[in-house]
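Asks: This is the structure I have questions about; it appears just below.
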Amino acid sequence: MSTQAVGHYLTLVGAQTLNFQNYWIAEDAAYNGTRYGFLPFAFSGATSTKSGDNQPAAIALPNNDLARGWAETAIRGQWLARCRVMLIDPADRDNPTQLTEYVAQIVSGSWSDQGIELRMASILDAVGADIPRKKLTQQLVGNLPITSNVRIQ
């Protein structure tokens, strides 16, 4: 019997694309042909619904040289974030199971001496707030429900 754990695979897309994971300490991990470098971070607050959740998710990072270098740019540029919640079997590191995926846009952030927090609105919440400046595709949002109010420009 193996022990399973939950980890996260995070992709940030803006001026550059960054891939991080928070389970394999000081190591890279591969998923679907993409390499994810280690960065200790916490992901919280996301509950997706078809009409948006009205609750921003958050990524908490240490305030260190690695994170500081791009965090402010990500906030100012309202980067897109894709966080995958993964079930990981340490004995089979190359085959994690994706439990869920949260796609959002970074809408604000804050930092202290100890940490940096990136706050994100889900794509459907961001549409309602007129935040995205990016093209929404079916890959990002899936099929929009008929009851959603989406303004097309």
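Following the order of the structure tokens, chains are lettered A, B, ..., residues in each are numbered from 1, and ligands are numbered from 1.
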I want to know what sits within 9 Å of Ala60 of chain A, based on only C-alpha atoms, with residues of the same chain fewer than 4 positions away left out; could you give that as a PyMOL selection string?
Replies: chain A and resi 40-44+115-119
Asks: Report, in Å to a single decimal, how far apart atom CA of Trp79 of chain A and atom CA of Leu12 of chain A are.
Replies: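 For atom CA of Leu12 of chain A relative to atom CA of Trp79 of chain A, the distance reads 6.6 Å.
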Asks: Which is closer to Gly109 of chain A than all the others in A:Leu66, A:Ile59, A:Leu87, A:Leu80, using only C-alpha atoms?
Replies: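 Of the candidates, the smallest distance to Gly109 of chain A is held by A:Ile59.
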Asks: Which residues are close to segment 101-103 of chain A, i.e. within 6 Å by only C-alpha atoms, leaving aside same-chain residues fewer than 2 positions away? Reply as a list in words.
Replies: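 Residues near the query, excluding close chain neighbours: Ala81, Arg82, Cys83 and Arg84 of chain A.
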Asks: Could those residues be written to a file, using N, CA and C atoms, as a short mmCIF file (atom, residue, chain, number, x, y, z; two decimals), in the first residue's frame?
Replies:
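Written out: part-v3.cif:
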data_model
loop_
_atom_site.label_atom_id
_atom_site.label_comp_id
_atom_site.auth_asym_id
_atom_site.auth_seq_id
_atom_site.Cartn_x
_atom_site.Cartn_y
_atom_site.Cartn_z
N ALA A 81 -3.28 32.53 -14.38
CA ALA A 81 -2.72 31.45 -13.55
C ALA A 81 -3.57 30.21 -13.72
N ARG A 82 -2.90 29.07 -13.82
CA ARG A 82 -3.59 27.78 -13.89
C ARG A 82 -2.97 26.92 -12.79
N CYS A 83 -3.78 26.61 -11.80
CA CYS A 83 -3.30 25.78 -10.69
C CYS A 83 -4.00 24.43 -10.74
N ARG A 84 -3.21 23.39 -10.84
CA ARG A 84 -3.73 22.03 -10.86
C ARG A 84 -3.51 21.40 -9.49
#
Asks: DSSP on the backbone: what in segment 4-90 of chain A comes out strand (DSSP E or B), as a ChimeraX atom specification?
Replies: /A:5-13,17-21,29-31,34-38,42-44,57-62,80-88
Asks: Choose the residue, out of A:Gly69, A:Gly77, A:His8, A:Thr3, that has the smallest atom-to-atom separation from Leu99 of chain A; count only C-alpha atoms.
Replies: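 The answer is A:His8, which sits nearest to Leu99 of chain A.
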Asks: Could you work out how far atom CA of Ala5 of chain A lies from atom CA of Gln105 of chain A, giving the answer in Å with one decimal?
Replies: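 Interatomic distance here is 26.7 Å.
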Asks: Set the distance at 12 Å and use only C-alpha atoms: which residues neighbour Gly14 of chain A once local chain neighbours fewer than 3 positions away are removed? I'd like the list as a tab-separated table (two decimals) with C-alpha atoms, in the first residue's frame.
Replies:
chain	number	residue	atom	x	y	z
A	11	THR	CA	1.54	27.75	-14.48
A	17	THR	CA	5.58	31.50	-18.74
A	18	LEU	CA	6.59	30.10	-15.36
A	19	ASN	CA	5.92	26.56	-14.11
A	70	TRP	CA	8.35	38.23	-11.19
A	71	ALA	CA	5.51	38.70	-8.65
A	72	GLU	CA	5.13	42.45	-9.12
A	73	THR	CA	5.16	42.04	-12.90
A	74	ALA	CA	2.48	39.34	-12.62
A	75	ILE	CA	0.26	41.64	-10.52
A	76	ARG	CA	0.70	44.70	-12.74
A	77	GLY	CA	0.28	42.67	-15.93
A	78	GLN	CA	-2.73	40.70	-14.62
A	79	TRP	CA	-1.19	37.41	-15.65
A	80	LEU	CA	-3.25	34.27	-16.04
A	81	ALA	CA	-2.72	31.45	-13.55
A	82	ARG	CA	-3.59	27.78	-13.89
A	105	GLN	CA	-6.44	35.99	-13.54
A	106	ILE	CA	-4.19	37.69	-11.03
A	133	ARG	CA	-7.72	41.74	-21.41
A	134	LYS	CA	-7.06	38.31	-22.79
Asks: Return as a PyMOL selection string the full set of residues in segment 14-133 of chain A whose backbone-based DSSP assignment is alpha helix (DSSP H).
Replies: chain A and resi 65-76+123-128
Asks: Taking only C-alpha atoms into account, name the residue in A:Asp28, A:Leu61, A:Tyr36, A:Ala15 that is nearest to Gln114 of chain A.
Replies: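 Nearest candidate to Gln114 of chain A out of A:Asp28, A:Leu61, A:Tyr36, A:Ala15: A:Leu61.
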